[in-house]
$ cat work.cif   # mmCIF, C-alpha atoms
data_run
#
loop_
_atom_site.label_atom_id
_atom_site.label_comp_id
_atom_site.auth_asym_id
_atom_site.auth_seq_id
_atom_site.Cartn_x
_atom_site.Cartn_y
_atom_site.Cartn_z
CA MET G 21 -39.26 18.03 -26.15
CA THR G 22 -42.75 16.79 -27.04
CA ALA G 23 -43.37 13.22 -25.99
CA HIS G 24 -44.24 10.57 -28.56
CA VAL G 25 -47.86 10.64 -29.71
CA PRO G 26 -49.38 7.18 -30.22
CA ALA G 27 -50.50 6.33 -33.73
CA ILE G 28 -54.16 6.20 -34.69
CA ASP G 29 -55.50 3.79 -37.32
CA PHE G 30 -56.39 6.19 -40.11
CA GLU G 31 -57.78 3.48 -42.38
CA ALA G 32 -60.33 2.51 -39.72
CA LEU G 33 -61.62 6.07 -39.37
CA THR G 34 -64.72 7.27 -41.18
CA GLU G 35 -65.63 10.82 -42.11
CA ARG G 36 -68.32 10.66 -39.42
CA ASP G 37 -65.65 9.83 -36.83
CA ILE G 38 -63.83 13.03 -37.76
CA ALA G 39 -66.90 15.25 -38.16
CA LYS G 40 -68.48 14.17 -34.88
CA ALA G 41 -65.26 15.05 -33.05
CA ILE G 42 -65.66 18.72 -34.06
CA ASP G 43 -67.51 21.57 -32.39
CA HIS G 44 -67.51 24.27 -35.06
CA SER G 45 -66.61 27.51 -33.27
CA LEU G 46 -68.37 30.81 -33.98
CA LEU G 47 -67.32 32.82 -30.94
CA ARG G 48 -65.19 35.76 -32.06
CA PRO G 49 -66.80 39.03 -30.96
CA GLU G 50 -66.69 40.70 -34.37
CA LEU G 51 -68.61 38.02 -36.29
CA ASP G 52 -71.67 39.46 -38.00
CA ASP G 53 -75.00 37.71 -38.50
CA ALA G 54 -74.17 36.53 -42.01
CA PHE G 55 -70.91 34.92 -40.86
CA VAL G 56 -72.67 33.08 -38.02
CA GLU G 57 -75.46 31.90 -40.29
CA ASP G 58 -73.01 30.71 -42.96
CA GLY G 59 -71.04 28.93 -40.23
CA CYS G 60 -74.15 27.09 -39.07
CA ARG G 61 -74.90 26.02 -42.64
CA LEU G 62 -71.33 24.79 -43.04
CA ALA G 63 -71.69 22.80 -39.81
CA ALA G 64 -74.85 21.21 -41.17
CA GLU G 65 -73.21 20.45 -44.53
CA TYR G 66 -70.29 18.69 -42.86
CA ASP G 67 -72.49 17.12 -40.16
CA VAL G 68 -70.22 18.03 -37.26
CA ALA G 69 -71.02 17.36 -33.60
CA SER G 70 -72.13 20.89 -32.81
CA VAL G 71 -71.76 24.57 -33.39
CA CYS G 72 -70.54 26.61 -30.43
CA VAL G 73 -72.07 30.07 -30.78
CA ARG G 74 -72.25 33.18 -28.65
CA PRO G 75 -75.29 33.32 -26.33
CA ALA G 76 -76.97 35.98 -28.47
CA ASP G 77 -76.80 33.65 -31.48
CA VAL G 78 -78.40 30.54 -29.97
CA ALA G 79 -81.92 31.07 -31.32
CA ARG G 80 -80.58 31.90 -34.79
CA ALA G 81 -78.41 28.78 -34.82
CA ARG G 82 -81.26 26.57 -33.61
CA ALA G 83 -83.53 27.80 -36.41
CA ILE G 84 -80.92 27.02 -39.06
CA LEU G 85 -79.95 23.62 -37.62
CA GLU G 86 -83.47 22.38 -36.85
CA GLY G 87 -83.87 18.87 -38.30
CA THR G 88 -80.13 18.23 -38.60
CA ASP G 89 -77.90 16.03 -36.44
CA VAL G 90 -75.82 19.05 -35.37
CA ALA G 91 -76.25 20.21 -31.78
CA VAL G 92 -76.34 23.85 -30.75
CA GLY G 93 -73.86 24.74 -28.04
CA THR G 94 -73.07 28.00 -26.34
CA THR G 95 -70.87 29.46 -23.65
CA ILE G 96 -71.56 30.22 -19.99
CA GLY G 97 -69.48 32.66 -17.95
CA PHE G 98 -67.32 33.23 -21.01
CA PRO G 99 -64.43 33.90 -21.27
CA HIS G 100 -63.24 34.87 -17.77
CA GLY G 101 -65.30 32.49 -15.64
CA ASN G 102 -65.54 34.71 -12.61
CA HIS G 103 -69.21 35.58 -12.98
CA ARG G 104 -71.44 34.97 -9.98
CA THR G 105 -73.00 31.52 -10.05
CA GLU G 106 -76.48 33.10 -10.20
CA THR G 107 -75.49 34.85 -13.41
CA LYS G 108 -74.23 31.61 -14.94
CA VAL G 109 -77.44 29.85 -13.95
CA PHE G 110 -79.50 32.57 -15.64
CA GLU G 111 -77.36 32.24 -18.77
CA ALA G 112 -77.86 28.49 -18.75
CA HIS G 113 -81.65 28.71 -18.39
CA ARG G 114 -81.88 31.26 -21.20
CA ALA G 115 -79.61 29.27 -23.53
CA LEU G 116 -81.55 26.05 -22.97
CA ALA G 117 -84.87 27.84 -23.53
CA GLU G 118 -83.60 29.13 -26.88
CA GLY G 119 -82.49 25.69 -28.05
CA ALA G 120 -78.96 25.00 -26.83
CA THR G 121 -78.23 21.41 -25.81
CA GLU G 122 -74.52 21.78 -24.98
CA LEU G 123 -73.14 24.32 -22.49
CA ASP G 124 -69.42 25.16 -22.37
CA MET G 125 -68.93 26.87 -19.00
CA VAL G 126 -65.78 28.51 -17.67
CA ILE G 127 -64.82 27.65 -14.08
CA GLN G 128 -64.30 30.32 -11.45
CA ILE G 129 -60.59 30.54 -12.22
CA GLY G 130 -59.78 32.88 -9.36
CA ALA G 131 -61.52 30.61 -6.85
CA LEU G 132 -59.59 27.58 -8.08
CA LYS G 133 -56.29 29.43 -7.81
CA SER G 134 -57.26 30.58 -4.31
CA GLY G 135 -57.87 27.03 -3.14
CA ARG G 136 -61.65 27.49 -2.79
CA ASP G 137 -62.39 24.10 -4.29
CA ALA G 138 -65.83 23.78 -2.70
CA ASP G 139 -66.91 27.02 -4.38
CA VAL G 140 -65.60 25.82 -7.74
CA GLN G 141 -67.46 22.53 -7.44
CA ALA G 142 -70.69 24.23 -6.35
CA ASP G 143 -70.48 26.60 -9.33
CA ILE G 144 -70.17 23.68 -11.74
CA GLU G 145 -72.88 21.68 -9.98
CA ALA G 146 -75.33 24.56 -10.38
CA ILE G 147 -74.94 24.54 -14.17
CA VAL G 148 -74.92 20.75 -14.39
CA GLU G 149 -78.21 20.59 -12.47
CA VAL G 150 -79.90 23.02 -14.85
CA ALA G 151 -78.46 21.38 -17.97
CA HIS G 152 -79.11 17.77 -17.06
CA ALA G 153 -82.71 18.57 -16.11
CA SER G 154 -83.18 19.56 -19.76
CA GLY G 155 -81.17 16.69 -21.23
CA ALA G 156 -78.24 18.96 -22.10
CA ILE G 157 -74.55 18.34 -21.45
CA VAL G 158 -71.91 20.49 -19.75
CA LYS G 159 -68.29 20.97 -20.77
CA VAL G 160 -66.14 22.61 -18.12
CA ILE G 161 -63.47 25.00 -19.44
CA PHE G 162 -60.36 25.25 -17.24
CA GLU G 163 -58.32 27.89 -19.14
CA ASN G 164 -55.13 25.92 -18.62
CA ALA G 165 -52.84 28.77 -19.67
CA TYR G 166 -53.43 30.29 -16.23
CA LEU G 167 -53.18 27.08 -14.17
CA THR G 168 -50.49 24.91 -12.63
CA ASP G 169 -50.60 21.16 -13.18
CA ASP G 170 -51.91 20.71 -9.64
CA GLU G 171 -54.72 23.15 -10.34
CA LYS G 172 -55.57 21.35 -13.58
CA ILE G 173 -55.76 18.02 -11.74
CA ARG G 174 -57.97 19.52 -9.04
CA ALA G 175 -60.19 21.01 -11.75
CA CYS G 176 -60.56 17.55 -13.32
CA HIS G 177 -61.59 15.99 -10.02
CA LEU G 178 -63.98 18.82 -9.13
CA SER G 179 -65.63 18.73 -12.57
CA GLU G 180 -66.20 14.99 -12.37
CA ALA G 181 -67.50 15.21 -8.80
CA ALA G 182 -69.92 17.93 -9.94
CA GLY G 183 -71.33 15.67 -12.66
CA ALA G 184 -69.87 17.41 -15.72
CA ASP G 185 -69.83 15.55 -19.03
CA PHE G 186 -66.58 16.99 -20.44
CA VAL G 187 -63.46 18.76 -19.32
CA LYS G 188 -62.07 21.31 -21.75
CA THR G 189 -58.65 22.94 -22.03
CA SER G 190 -59.32 26.53 -23.00
CA THR G 191 -61.59 29.27 -24.25
CA GLY G 192 -59.39 30.07 -27.23
CA PHE G 193 -58.96 33.63 -25.96
CA ALA G 194 -56.17 33.16 -23.40
CA PRO G 195 -52.41 33.27 -24.15
CA GLY G 196 -52.32 29.50 -24.79
CA GLY G 197 -54.61 26.78 -26.09
CA ALA G 198 -54.60 22.99 -26.08
CA THR G 199 -51.27 21.21 -25.55
CA HIS G 200 -50.51 17.51 -25.68
CA ASP G 201 -49.20 17.54 -22.12
CA ASP G 202 -52.42 19.08 -20.82
CA LEU G 203 -54.59 16.63 -22.75
CA ARG G 204 -52.63 13.68 -21.36
CA LEU G 205 -52.98 15.12 -17.85
CA MET G 206 -56.72 15.68 -18.20
CA ARG G 207 -57.33 12.23 -19.68
CA ALA G 208 -55.31 10.60 -16.90
CA ASN G 209 -57.25 12.42 -14.18
CA THR G 210 -60.82 11.80 -15.32
CA SER G 211 -62.86 8.62 -15.61
CA PRO G 212 -63.37 7.09 -19.08
CA HIS G 213 -66.99 8.29 -19.26
CA ILE G 214 -65.86 11.94 -19.04
CA GLY G 215 -65.07 13.47 -22.43
CA VAL G 216 -61.98 15.61 -23.02
CA LYS G 217 -62.22 18.60 -25.35
CA ALA G 218 -59.22 20.37 -26.88
CA ALA G 219 -59.78 24.03 -27.73
CA GLY G 220 -57.28 26.51 -29.09
CA GLY G 221 -54.88 25.61 -31.86
CA VAL G 222 -56.15 22.37 -33.46
CA ARG G 223 -56.31 23.66 -37.01
CA THR G 224 -55.31 20.71 -39.22
CA LEU G 225 -56.29 17.08 -39.78
CA ASP G 226 -52.91 15.92 -38.51
CA ALA G 227 -53.36 17.93 -35.32
CA LEU G 228 -56.83 16.45 -34.84
CA LEU G 229 -55.52 12.91 -35.32
CA GLU G 230 -52.80 13.55 -32.77
CA VAL G 231 -55.15 14.75 -30.06
CA MET G 232 -57.61 11.95 -30.80
CA ALA G 233 -54.78 9.50 -30.22
CA LEU G 234 -54.30 11.05 -26.78
CA GLY G 235 -57.90 10.33 -25.81
CA THR G 236 -59.49 13.62 -26.83
CA THR G 237 -63.13 13.16 -27.82
CA ARG G 238 -64.00 16.67 -29.08
CA ILE G 239 -62.14 19.65 -30.47
CA GLY G 240 -63.21 23.22 -30.94
CA ALA G 241 -62.32 24.32 -34.46
CA THR G 242 -62.69 27.18 -36.88
CA ALA G 243 -60.86 25.22 -39.63
CA THR G 244 -63.64 22.63 -39.91
CA LYS G 245 -63.93 22.72 -43.70
CA ALA G 246 -60.18 22.39 -44.23
CA ILE G 247 -59.92 19.48 -41.78
CA ILE G 248 -62.75 17.45 -43.29
CA ASP G 249 -61.83 18.29 -46.90
CA ASP G 250 -58.31 17.05 -46.16
CA PHE G 251 -59.72 13.83 -44.72
CA ARG G 252 -61.84 13.29 -47.84
CA ALA G 253 -58.87 13.93 -50.13
CA ARG G 254 -56.61 11.52 -48.26
CA LYS G 255 -59.24 8.80 -48.23
CA ALA G 256 -59.87 9.23 -51.93
CA GLY G 257 -56.20 9.12 -52.80
CA GLY G 258 -55.12 6.52 -50.30
CA THR G 259 -52.42 8.88 -49.06
CA PRO G 260 -50.75 7.66 -45.85
CA VAL G 261 -51.17 10.02 -42.93
CA SER G 262 -48.21 11.18 -40.89
CA ALA G 263 -49.35 13.36 -38.03
CA GLY G 264 -47.00 16.24 -37.52
CA ALA G 265 -48.71 19.54 -36.94
CA GLY G 266 -49.55 19.08 -33.29
CA ALA G 267 -51.73 21.19 -31.06
CA ALA G 268 -50.76 24.81 -31.05
CA THR G 269 -49.97 26.67 -27.89
CA THR G 270 -51.22 30.11 -28.89
CA ALA G 271 -54.81 31.22 -29.19
CA ASP G 272 -56.32 32.51 -32.44
CA GLY G 273 -59.41 34.13 -30.96
CA GLY G 274 -61.90 31.40 -30.17
CA TYR G 275 -60.19 28.17 -31.23
#
$ encode --input "work.cif" --output "structure tokens"
Amino acid sequence: MTAHVPAIDFEALTERDIAKAIDHSLLRPELDDAFVEDGCRLAAEYDVASVCVRPADVARARAILEGTDVAVGTTIGFPHGNHRTETKVFEAHRALAEGATELDMVIQIGALKSGRDADVQADIEAIVEVAHASGAIVKVIFENAYLTDDEKIRACHLSEAAGADFVKTSTGFAPGGATHDDLRLMRANTSPHIGVKAAGGVRTLDALLEVMALGTTRIGATATKAIIDDFRARKAGGTPVSAGAGAATTADGGY
């Protein structure tokens, strides 16, 4: 049974609060240039926190979003995480040079599961060093569907020790995405200055409100327009919000 989710004060929320909690995801492998470009324009129209695009799309996204308040993010070591650290560092340098300011990196999942915590921390530290030198931030993806609770807790501690800015549940491409239990666990095992990002399955306004109430500070979403349009409609009509959709536990291909 899902534990009770604390209420969030909907009336106190602004559209900016909702929009700036969203990283608009454009990661599915089959997306063509037009879809990515339209997605970047949608992100600018709704003034979300960032777009999260594939590495090959960073320069295109930066050109479209220049002059807006929407950051360009991309992925490092995605989606399996078990790239060599040198490869991840190269990816990070290239992404930053092309205009990314947020890097969502996947941990070395196999190393974590093997108990090689020092290797996991060193891998994260290498990306954090590159990113922070350029004023960029790093979100560390755990891929919780493959981890035990103990491994998730260790990943939280290693990410924080390595200087990461966020911990993140999932890539959106594994068998499961963000769950309330995982978000509670991650929030409880990181300091308040570390952000928590839910990725995989947060597709409605109610689901977003629920994870925000658990201490989540960002979500990865493909349903950005529907979420913000719903918020606008409810605010305009004064409709009370009852959160009920929850965070899904199955992936839909990149959030």
$ residues_around --input "work.cif" --residues "Leu33 of chain G" --least-positions-apart "2" --cutoff "12 Å" --atoms "only C-alpha atoms" --output "PDB file with C-alpha atoms, in the frame of the given file"
ATOM      1  CA  ILE G  28     -54.160   6.200 -34.690  1.00  0.00           C
ATOM      2  CA  ASP G  29     -55.500   3.790 -37.320  1.00  0.00           C
ATOM      3  CA  PHE G  30     -56.390   6.190 -40.110  1.00  0.00           C
ATOM      4  CA  GLU G  31     -57.780   3.480 -42.380  1.00  0.00           C
ATOM      5  CA  GLU G  35     -65.630  10.820 -42.110  1.00  0.00           C
ATOM      6  CA  ARG G  36     -68.320  10.660 -39.420  1.00  0.00           C
ATOM      7  CA  ASP G  37     -65.650   9.830 -36.830  1.00  0.00           C
ATOM      8  CA  ILE G  38     -63.830  13.030 -37.760  1.00  0.00           C
ATOM      9  CA  ALA G  39     -66.900  15.250 -38.160  1.00  0.00           C
ATOM     10  CA  LYS G  40     -68.480  14.170 -34.880  1.00  0.00           C
ATOM     11  CA  ALA G  41     -65.260  15.050 -33.050  1.00  0.00           C
ATOM     12  CA  LEU G 229     -55.520  12.910 -35.320  1.00  0.00           C
ATOM     13  CA  MET G 232     -57.610  11.950 -30.800  1.00  0.00           C
ATOM     14  CA  ALA G 233     -54.780   9.500 -30.220  1.00  0.00           C
ATOM     15  CA  PHE G 251     -59.720  13.830 -44.720  1.00  0.00           C
ATOM     16  CA  ARG G 252     -61.840  13.290 -47.840  1.00  0.00           C
ATOM     17  CA  ARG G 254     -56.610  11.520 -48.260  1.00  0.00           C
ATOM     18  CA  LYS G 255     -59.240   8.800 -48.230  1.00  0.00           C
ATOM     19  CA  VAL G 261     -51.170  10.020 -42.930  1.00  0.00           C
TER      20      VAL G 261
END
$ closest_residue --input "work.cif" --among "G:Val150, G:Val216, G:Leu234, G:Ala165" --to "Pro26 of chain G" --atoms "all atoms listed in the file"
G:Leu234
$ residues_around --input "work.cif" --residues "Ala91 of chain G" --least-positions-apart "6" --cutoff "8 Å" --atoms "only C-alpha atoms" --output "ChimeraX atom specification"
/G:69-71,85,120-122
$ residues_near_point --input "work.cif" --point "(-57.7, 14.2, -27.9)" --cutoff "9 Å" --atoms "all atoms listed in the file" --output "PyMOL selection string"
chain G and resi 200+203-204+207+216-218+228-239
$ residues_around --input "work.cif" --residues "Asp43 of chain G" --least-positions-apart "4" --cutoff "12 Å" --atoms "only C-alpha atoms" --output "count of residues only"
42
$ atom_distance --input "work.cif" --atom1 "atom CA of Ala175 of chain G" --atom2 "atom CA of Met206 of chain G"
9.1 Å
$ closest_residue --input "work.cif" --among "G:Glu111, G:Glu118, G:Glu65, G:Asp58" --to "Asp77 of chain G" --atoms "only C-alpha atoms"
G:Glu118
$ closest_residue --input "work.cif" --among "G:Met125, G:Ile157, G:Leu116, G:Leu167" --to "Gly101 of chain G" --atoms "only C-alpha atoms"
G:Met125
$ closest_residue --input "work.cif" --among "G:Ile84, G:Ile214, G:Val56, G:Ile144" --to "Ile127 of chain G" --atoms "only C-alpha atoms"
G:Ile144
$ build_atoms --input "work.cif" --residues "segment 123-134 of chain G" --atoms "all heavy atoms" --output "compact mmCIF listing (two decimals), in the frame of the given file"
# COMPACT_ATOMS: atom_id res chain seq x y z
N LEU G 123 -73.59 23.10 -23.16
CA LEU G 123 -73.14 24.32 -22.49
C LEU G 123 -71.66 24.19 -22.15
O LEU G 123 -71.26 23.28 -21.43
CB LEU G 123 -73.95 24.55 -21.21
CG LEU G 123 -75.48 24.61 -21.36
CD1 LEU G 123 -76.12 24.82 -19.99
CD2 LEU G 123 -75.90 25.69 -22.34
N ASP G 124 -70.85 25.11 -22.67
CA ASP G 124 -69.42 25.16 -22.37
C ASP G 124 -69.19 26.27 -21.34
O ASP G 124 -69.19 27.45 -21.68
CB ASP G 124 -68.62 25.44 -23.64
CG ASP G 124 -68.60 24.27 -24.62
OD1 ASP G 124 -69.62 23.54 -24.69
OD2 ASP G 124 -67.59 24.08 -25.33
N MET G 125 -69.04 25.89 -20.08
CA MET G 125 -68.93 26.87 -19.00
C MET G 125 -67.48 27.02 -18.55
O MET G 125 -66.72 26.05 -18.51
CB MET G 125 -69.80 26.47 -17.82
CG MET G 125 -69.31 25.26 -17.05
SD MET G 125 -70.12 25.08 -15.41
CE MET G 125 -69.40 26.46 -14.52
N VAL G 126 -67.11 28.24 -18.19
CA VAL G 126 -65.78 28.51 -17.67
C VAL G 126 -65.84 28.44 -16.14
O VAL G 126 -66.74 29.01 -15.52
CB VAL G 126 -65.27 29.89 -18.10
CG1 VAL G 126 -63.80 30.06 -17.70
CG2 VAL G 126 -65.43 30.08 -19.61
N ILE G 127 -64.87 27.74 -15.54
CA ILE G 127 -64.82 27.65 -14.08
C ILE G 127 -64.52 29.01 -13.48
O ILE G 127 -64.06 29.93 -14.15
CB ILE G 127 -63.76 26.64 -13.60
CG1 ILE G 127 -62.35 27.08 -14.04
CG2 ILE G 127 -64.07 25.25 -14.05
CD1 ILE G 127 -61.25 26.36 -13.31
N GLN G 128 -64.73 29.12 -12.18
CA GLN G 128 -64.30 30.32 -11.45
C GLN G 128 -62.78 30.18 -11.23
O GLN G 128 -62.31 29.61 -10.24
CB GLN G 128 -65.04 30.42 -10.11
CG GLN G 128 -66.51 30.75 -10.28
CD GLN G 128 -67.22 30.99 -8.96
OE1 GLN G 128 -66.68 30.71 -7.89
NE2 GLN G 128 -68.43 31.49 -9.03
N ILE G 129 -62.04 30.72 -12.19
CA ILE G 129 -60.59 30.54 -12.22
C ILE G 129 -59.94 31.10 -10.96
O ILE G 129 -59.07 30.46 -10.35
CB ILE G 129 -60.01 31.21 -13.48
CG1 ILE G 129 -60.61 30.59 -14.74
CG2 ILE G 129 -58.47 31.07 -13.50
CD1 ILE G 129 -60.33 31.38 -16.01
N GLY G 130 -60.36 32.27 -10.55
CA GLY G 130 -59.78 32.88 -9.36
C GLY G 130 -60.03 32.05 -8.11
O GLY G 130 -59.15 31.93 -7.24
N ALA G 131 -61.22 31.45 -8.00
CA ALA G 131 -61.52 30.61 -6.85
C ALA G 131 -60.64 29.37 -6.83
O ALA G 131 -60.14 28.96 -5.78
CB ALA G 131 -63.00 30.22 -6.86
N LEU G 132 -60.45 28.77 -8.01
CA LEU G 132 -59.59 27.58 -8.08
C LEU G 132 -58.17 27.93 -7.64
O LEU G 132 -57.55 27.21 -6.84
CB LEU G 132 -59.58 27.02 -9.50
CG LEU G 132 -58.73 25.76 -9.69
CD1 LEU G 132 -59.38 24.55 -9.04
CD2 LEU G 132 -58.49 25.49 -11.18
N LYS G 133 -57.66 29.03 -8.14
CA LYS G 133 -56.29 29.43 -7.81
C LYS G 133 -56.15 29.83 -6.34
O LYS G 133 -55.06 29.79 -5.78
CB LYS G 133 -55.82 30.55 -8.73
CG LYS G 133 -55.72 30.12 -10.19
CD LYS G 133 -54.98 31.12 -11.05
CE LYS G 133 -53.51 31.14 -10.74
NZ LYS G 133 -52.82 29.88 -11.09
N SER G 134 -57.27 30.21 -5.72
CA SER G 134 -57.26 30.58 -4.31
C SER G 134 -57.47 29.39 -3.38
O SER G 134 -57.48 29.55 -2.15
CB SER G 134 -58.35 31.62 -4.05
OG SER G 134 -58.13 32.79 -4.82
